[in-house]
There are 2 protein chains.
Amino acid sequence: MNSKEEAKDSKFHRKALQVAEAQSRIIEYGKLLQMEKVPLDQSAGRYLAEPVYAPHPFPAFNRSGMDGYALIAADTEEAGEGKWVWLDVVDNIPCGAVPAAEIRRGTAARIMTGAQVPAGADTVVMLEATESREEGGRLQVGIRKPQAAGKNVTPRGYELKEGELVLSAGRMIKAGDIAVLAAFGIPMVNVIRRPKVGIFATGTELLDVHEPLVPGKIRNSNSPMLEALVQECGGEPVMLGSIVDDIEQARSKVQIALESYDVVITTGGVSVGDYDIMGDLIRENSGDMLFNKVTMRPGSVTTAAVREGTLLLALSGNPGACFVGFHLFARPVILQMQGADQPFLPEWTAVLGADYNKVNNYTRFVRARLEIHEGQLYAYPATIDESSVMVTIKDSDCLIVIPPEERGVSAGDSVKVLKLPGEIRG
Amino acid sequence: MNSKEEAKDSKFHRKALQVAEAQSRIIEYGKLLQMEKVPLDQSAGRYLAEPVYAPHPFPAFNRSGMDGYALIAADTEEAGEGKWVWLDVVDNIPCGAVPAAEIRRGTAARIMTGAQVPAGADTVVMLEATESREEGGRLQVGIRKPQAAGKNVTPRGYELKEGELVLSAGRMIKAGDIAVLAAFGIPMVNVIRRPKVGIFATGTELLDVHEPLVPGKIRNSNSPMLEALVQECGGEPVMLGSIVDDIEQARSKVQIALESYDVVITTGGVSVGDYDIMGDLIRENSGDMLFNKVTMRPGSVTTAAVREGTLLLALSGNPGACFVGFHLFARPVILQMQGADQPFLPEWTAVLGADYNKVNNYTRFVRARLEIHEGQLYAYPATIDESSVMVTIKDSDCLIVIPPEERGVSAGDSVKVLKLPGEIRG
């Protein structure tokens with residue numbers, strides 16, 4: 001930090017924290033919310049509140065993997081070299097039916113794929129490998145080769161034993177989990193309720209998306225972006241609009257929001273200018289402040305405070321900084337409140353795709369795009385990545401972490417990246 | 001293919017297609033659906049119907065990147081080595097305001113971060129690098145070093161020129177796109193409507209998730225899984241329940257579904273047993289059949305037909321095969337109907353994490369889990385991956401493609417993987 005910045009920090013009572021330290025200060029306010037039951041068909045994207053153990057073996061019975069005949073393998077020992085073994089067909093077992101007869105030596109049952117293998121039988125011979133005939137009014141099946149026991153039979157409990165852990169708590173429910181929950185007869189799923197996240201922006205310059213552009217003003221793009229980001233990690237955004245730079249109005253809005261929602265996120269009003277009201281607001285209650293400076297670019301002014309256990313996260317008004325701040329601080333809290341097992345962004349290594357020369361004494365989180373070539377991850381930094389830049393957010397699927405000690409990094413260097421949510425398109 | 005399979009295929013008029021050929025036969029029925037307008041806050045996850053061009057430069061004005069003073073760089077040439085340059089402060093420009101005065105030689109304007117830089121000024125000096133004084137009733141700002149033109153000013157159009165392409169058609173809308181749409185004043189977004197996808201299962205053995213388990217039966221896990229998978233790729237599932245193995249009922253259900261929905265997906269009833277009614281149903285209208293066998297494992301019996309331009313996709317009733325069949329055939333069609341720019345699963349290369357020895361004369365699509373170590377992708381095949389297996393679906397984030405010519409592949413080998421939707425958790 002240069003001496004000017006030190007002077008500024010001292011004036012505004014800022015003590016810069018490392019990102020990890022700032023994260024650990026706020027994550028403890030990401031308290032687990034209550035459990036609620038949701039119908040299975042509305043459970044996708046929610047986080048499991050409790051582990052799911054198999055209530056019964058799966059499959060629940062010895063299951064035929066073929067259309068054919070269930071029989072006793074030992075009965076076919078004599079078959080082969082032109083010699084057929086003929087067995088009496090004593091049952092016909094479609095899917096969903098219960099076998100009517102136990103299979104004893106010399107008998108077999110016609111069986112469908114997926115049907116329950118009858119007691120006594122230890123193998124299923126596929127239909128195409130058999131012949132059938134009527135002999136003295138009795139239906140018989142002919143087998144021409146010796147069969148191995150266990151063939152085409154999926155044993156009871158093959159996939160899961162009774163009581164086995166199937167789904168851990170904290171897991172995000174996807175299609176494959178829904179298949180499991182359906183198979184085990186769980187029509188209502190215990191999940192953690194979605195955190196309600198109050199969102200507002202500050203700034204006299206902000207226009208709503210509906211308003212025509214006028215000189216000197218900009219449309220508020222951060223609030224809709226935050227709304228989508230909150231939804232993306234399972235939160236329920238509550239849009240509280242924008243407020244002009246008026247500390248009284250901000251104070252009352254923050255107060256009401258903190259009493260009404262699980263987390264409050266603001267954007268704007270946290271740098272050091274005359275109208276930086278979020279900063280002022282938090283400073284006037286400094287006992288509750290968790291931090292108001294983080295050794296990171298963009299977003300060093302990111303500020304967090306707590307009132308009666310509820311977190312207020314004041315993100316920068318610069319779109320790039322707001323985006324990065326959300327992912328480093330807001331998202332982990334929102335996920336942790338839902339009991340998610342991976343609240344932080346995954347940390348990967350990648351090959352840097354292009355030189356990056358911005359030097360800084362703070363850790364940089366550079367918006368970047370991942371590509372995969374021959375199984376190797378490459379990260380391409382956005383061509384313009386200033387804090388204020390909005391347009392490169394849409395193409396970023398990771399943040400390259402450039403530690404302060406680096407004097408620029410070169411294409412081909414190994415870098416740490418934080419994976420942002422969503423598909424890699426590269 | 002062995003001779004038994006050939007005989008069976010001949011009996012059921014099956015001609016096996018390669019996966020790519022089968023995909024190309026059905027993808028042409030993924031016709032682009034109509035455009036509709038949705039509010040910006042409901043547009044996440046939808047696909048843009050039209051490209052978005054910047055309706056104005058972005059930023060729309062020369063924007064200050066600092067709290068400080070806007071001035072003419074040339075005025076500061078004389079500063080330095082203890083000599084201060086003093087300029088008259090002629091304006092104070094908060095965010096959102098229009099500058100009241102042009103800056104001429106010898107003058108400056110107090111300006112906020114994000115505010116419009118006044119005409120005439122070509123640089124912004126940060127507040128902390130200045131002093132202020134009153135001199136003969138006039139407010140003045142003192143500068144002690146020469147300043148470079150262009151510093152701390154983001155020029156109009158820096159991020160985007162007017163008319164520049166910002167978002168392509170076919171893009172899935174995410175938070176960063178929403179920021180762009182908001183910034184450009186687009187409160188209603190043109191997207192492609194969601195395809196309605198009718199889903200039903202066949203099988204006498206199927207219980208609903210609400211029903212208690214009874215001997216010989218299983219709960220229908222495929223329908224809820226398909227419902228979630230359809231939602232995951234932007235479709236609107238319409239659940240049509242299960243039908244018992246009754247061809248009359250199936251015929252009427254298929255008929256109504258094909259008239260009512262954009263795509264119809266069924267699960268079960270496509271192998272070659274006595275009760276494989278979907279197969280029978282499609283064979284009785286063979287003129288409409290696109291294929292009823294694909295050279296793949298699992299899911300070789302996957303069947304597709306078209307009636308009056310509407311696709312009927314009959315997936316295997318085996319959970320693993322149903323899952324794979326959905327991703328290879330149904331998902332691309334559902335995405336293509338929405339105009340998505342990447343309808344097929346991304347194809348990556350990965351290092352195989354463990355030996356895989358199942359040999360087959362069909363291409364295998366092995367459920368697997370990706371991990372990233374030191375920037376390198378590894379794919380670990382599921383320990384049990386039979387067609388019938390349900391429990392490993394939930395942990396699969398890719399399919400390893402094992403071509404038929406392989407005689408088993410070993411850990412360390414390079415393999416092709418198809419990335420399934422969702423985050424890599426490894």
# chains A, B, ... in the order shown; residues from 1 in each chain; ligands from 1
$ residues_around --residues "region 404-412 of chain A" --least-positions-apart "2" --cutoff "7 Å" --atoms "only C-alpha atoms" --output "PDB file with N, CA, C and O atoms, in the first residue's frame"
ATOM      1  N   VAL A 351      -3.682 -23.423 -16.720  1.00  0.00           N
ATOM      2  CA  VAL A 351      -2.588 -22.781 -17.452  1.00  0.00           C
ATOM      3  C   VAL A 351      -3.098 -21.417 -17.910  1.00  0.00           C
ATOM      4  O   VAL A 351      -4.197 -21.323 -18.461  1.00  0.00           O
ATOM      5  N   LEU A 352      -2.312 -20.387 -17.665  1.00  0.00           N
ATOM      6  CA  LEU A 352      -2.709 -19.050 -18.095  1.00  0.00           C
ATOM      7  C   LEU A 352      -2.640 -18.992 -19.626  1.00  0.00           C
ATOM      8  O   LEU A 352      -1.630 -19.360 -20.218  1.00  0.00           O
ATOM      9  N   GLY A 353      -3.731 -18.516 -20.248  1.00  0.00           N
ATOM     10  CA  GLY A 353      -3.810 -18.524 -21.701  1.00  0.00           C
ATOM     11  C   GLY A 353      -3.167 -17.311 -22.361  1.00  0.00           C
ATOM     12  O   GLY A 353      -2.863 -17.327 -23.549  1.00  0.00           O
ATOM     13  N   ALA A 354      -2.963 -16.244 -21.593  1.00  0.00           N
ATOM     14  CA  ALA A 354      -2.392 -15.010 -22.153  1.00  0.00           C
ATOM     15  C   ALA A 354      -1.689 -14.264 -21.022  1.00  0.00           C
ATOM     16  O   ALA A 354      -2.057 -14.413 -19.855  1.00  0.00           O
ATOM     17  N   ASP A 355      -0.704 -13.470 -21.377  1.00  0.00           N
ATOM     18  CA  ASP A 355       0.019 -12.694 -20.362  1.00  0.00           C
ATOM     19  C   ASP A 355      -0.950 -11.819 -19.572  1.00  0.00           C
ATOM     20  O   ASP A 355      -1.944 -11.311 -20.116  1.00  0.00           O
ATOM     21  N   TYR A 356      -0.642 -11.627 -18.306  1.00  0.00           N
ATOM     22  CA  TYR A 356      -1.417 -10.697 -17.488  1.00  0.00           C
ATOM     23  C   TYR A 356      -0.428  -9.883 -16.673  1.00  0.00           C
ATOM     24  O   TYR A 356       0.309 -10.430 -15.858  1.00  0.00           O
ATOM     25  N   ASN A 357      -0.407  -8.577 -16.924  1.00  0.00           N
ATOM     26  CA  ASN A 357       0.697  -7.777 -16.395  1.00  0.00           C
ATOM     27  C   ASN A 357       0.324  -6.741 -15.360  1.00  0.00           C
ATOM     28  O   ASN A 357       1.169  -5.966 -14.938  1.00  0.00           O
ATOM     29  N   LYS A 358      -0.945  -6.716 -14.944  1.00  0.00           N
ATOM     30  CA  LYS A 358      -1.292  -5.707 -13.949  1.00  0.00           C
ATOM     31  C   LYS A 358      -0.682  -6.081 -12.611  1.00  0.00           C
ATOM     32  O   LYS A 358      -0.952  -7.137 -12.051  1.00  0.00           O
ATOM     33  N   VAL A 359       0.133  -5.172 -12.123  1.00  0.00           N
ATOM     34  CA  VAL A 359       0.835  -5.431 -10.870  1.00  0.00           C
ATOM     35  C   VAL A 359       0.100  -4.693  -9.769  1.00  0.00           C
ATOM     36  O   VAL A 359      -0.364  -3.576  -9.957  1.00  0.00           O
ATOM     37  N   ASN A 360      -0.021  -5.292  -8.634  1.00  0.00           N
ATOM     38  CA  ASN A 360      -0.706  -4.632  -7.535  1.00  0.00           C
ATOM     39  C   ASN A 360      -0.236  -5.230  -6.223  1.00  0.00           C
ATOM     40  O   ASN A 360       0.206  -6.365  -6.175  1.00  0.00           O
ATOM     41  N   ASN A 361      -0.361  -4.441  -5.179  1.00  0.00           N
ATOM     42  CA  ASN A 361       0.022  -4.983  -3.877  1.00  0.00           C
ATOM     43  C   ASN A 361      -1.143  -5.695  -3.186  1.00  0.00           C
ATOM     44  O   ASN A 361      -1.026  -6.133  -2.053  1.00  0.00           O
ATOM     45  N   TYR A 362      -2.278  -5.786  -3.864  1.00  0.00           N
ATOM     46  CA  TYR A 362      -3.408  -6.561  -3.361  1.00  0.00           C
ATOM     47  C   TYR A 362      -3.602  -7.768  -4.270  1.00  0.00           C
ATOM     48  O   TYR A 362      -3.260  -7.722  -5.453  1.00  0.00           O
ATOM     49  N   THR A 363      -4.207  -8.817  -3.714  1.00  0.00           N
ATOM     50  CA  THR A 363      -4.529  -9.986  -4.533  1.00  0.00           C
ATOM     51  C   THR A 363      -5.573  -9.597  -5.574  1.00  0.00           C
ATOM     52  O   THR A 363      -6.566  -8.971  -5.252  1.00  0.00           O
ATOM     53  N   ILE A 402      -4.450 -13.723  -8.722  1.00  0.00           N
ATOM     54  CA  ILE A 402      -3.057 -13.279  -8.897  1.00  0.00           C
ATOM     55  C   ILE A 402      -2.580 -12.736  -7.552  1.00  0.00           C
ATOM     56  O   ILE A 402      -3.025 -11.672  -7.117  1.00  0.00           O
ATOM     57  N   SER A 414       1.338 -21.521 -14.558  1.00  0.00           N
ATOM     58  CA  SER A 414       0.274 -22.188 -13.819  1.00  0.00           C
ATOM     59  C   SER A 414      -0.357 -21.175 -12.858  1.00  0.00           C
ATOM     60  O   SER A 414       0.358 -20.468 -12.149  1.00  0.00           O
TER      61      SER A 414
END
$ closest_atom_pairs --of "region 105-158 of chain A" --to "region 388-396 of chain B" --cutoff "12 Å" --atoms "only C-alpha atoms" --output "tab-separated table"
residue	atom	partner	partner_atom	distance
A:Thr113	CA	B:Ser388	CA	10.0
A:Gly114	CA	B:Ser388	CA	8.7
A:Asn152	CA	B:Ser388	CA	11.1
A:Val153	CA	B:Ser388	CA	11.1
A:Thr154	CA	B:Ser388	CA	8.9
A:Pro155	CA	B:Val389	CA	11.8
A:Gly157	CA	B:Val391	CA	11.4
A:Tyr158	CA	B:Val389	CA	9.0
$ select_by_dssp --residues "region 39-277 of chain B" --states "strand (DSSP E)" --output "ChimeraX atom specification"
/B:39,52-53,63-64,68-71,85-93,107-111,123-126,130-135,138-143,153-154,165-167,188-192,196-202,206-207,218-219,236-243,263-267
$ closest_residue --among "A:Val333, A:Val89, A:Val263, A:Leu127" --to "chain B" --atoms "only C-alpha atoms"
A:Leu127
$ residues_around --residues "Cys322 (chain A)" --least-positions-apart "2" --cutoff "9 Å" --atoms "only C-alpha atoms" --output "ChimeraX atom specification"
/A:222,226,267-268,298-299,302,315-320,324-327,387
$ atom_distance --atom1 "CA of Arg194 (chain B)" --atom2 "CA of Ile27 (chain B)"
16.6 Å
$ decode --residues "region 57-77 of chain B" --atoms "N, CA and C atoms" --output "compact mmCIF listing (two decimals), in the first residue's frame"
# COMPACT_ATOMS: atom_id res chain seq x y z
N PRO B 57 -23.50 3.89 -26.88
CA PRO B 57 -22.16 3.52 -26.41
C PRO B 57 -22.23 3.20 -24.92
N PHE B 58 -21.32 2.36 -24.46
CA PHE B 58 -21.29 2.04 -23.04
C PHE B 58 -19.85 2.12 -22.55
N PRO B 59 -19.54 2.95 -21.56
CA PRO B 59 -20.45 3.91 -20.93
C PRO B 59 -20.92 4.97 -21.92
N ALA B 60 -22.04 5.61 -21.58
CA ALA B 60 -22.66 6.56 -22.49
C ALA B 60 -22.00 7.93 -22.43
N PHE B 61 -21.11 8.11 -21.44
CA PHE B 61 -20.39 9.39 -21.32
C PHE B 61 -18.99 9.10 -20.78
N ASN B 62 -18.11 10.08 -20.93
CA ASN B 62 -16.78 9.93 -20.31
C ASN B 62 -16.99 9.89 -18.80
N ARG B 63 -16.54 8.84 -18.17
CA ARG B 63 -16.90 8.60 -16.78
C ARG B 63 -15.66 8.70 -15.90
N SER B 64 -15.83 9.37 -14.79
CA SER B 64 -14.72 9.49 -13.85
C SER B 64 -14.54 8.19 -13.08
N GLY B 65 -13.29 7.75 -12.97
CA GLY B 65 -12.99 6.53 -12.23
C GLY B 65 -12.56 6.81 -10.80
N MET B 66 -12.59 8.07 -10.40
CA MET B 66 -12.09 8.46 -9.08
C MET B 66 -12.93 9.58 -8.50
N ASP B 67 -12.91 9.71 -7.19
CA ASP B 67 -13.33 10.94 -6.55
C ASP B 67 -12.15 11.90 -6.64
N GLY B 68 -12.37 13.10 -7.18
CA GLY B 68 -11.26 14.02 -7.29
C GLY B 68 -11.63 15.25 -8.08
N TYR B 69 -10.73 15.66 -8.94
CA TYR B 69 -10.96 16.87 -9.73
C TYR B 69 -10.73 16.58 -11.22
N ALA B 70 -11.70 17.03 -12.01
CA ALA B 70 -11.56 16.94 -13.47
C ALA B 70 -10.89 18.22 -13.94
N LEU B 71 -9.86 18.08 -14.78
CA LEU B 71 -9.13 19.27 -15.22
C LEU B 71 -8.45 18.99 -16.55
N ILE B 72 -7.68 19.98 -17.01
CA ILE B 72 -6.95 19.82 -18.27
C ILE B 72 -5.50 19.49 -17.92
N ALA B 73 -5.04 18.33 -18.39
CA ALA B 73 -3.71 17.85 -18.01
C ALA B 73 -2.63 18.91 -18.30
N ALA B 74 -2.77 19.60 -19.41
CA ALA B 74 -1.75 20.58 -19.81
C ALA B 74 -1.59 21.68 -18.76
N ASP B 75 -2.64 21.94 -17.99
CA ASP B 75 -2.56 22.96 -16.94
C ASP B 75 -1.59 22.57 -15.82
N THR B 76 -1.24 21.30 -15.73
CA THR B 76 -0.41 20.86 -14.60
C THR B 76 1.07 20.71 -14.98
N GLU B 77 1.39 21.10 -16.20
CA GLU B 77 2.78 20.91 -16.68
C GLU B 77 3.81 21.58 -15.79
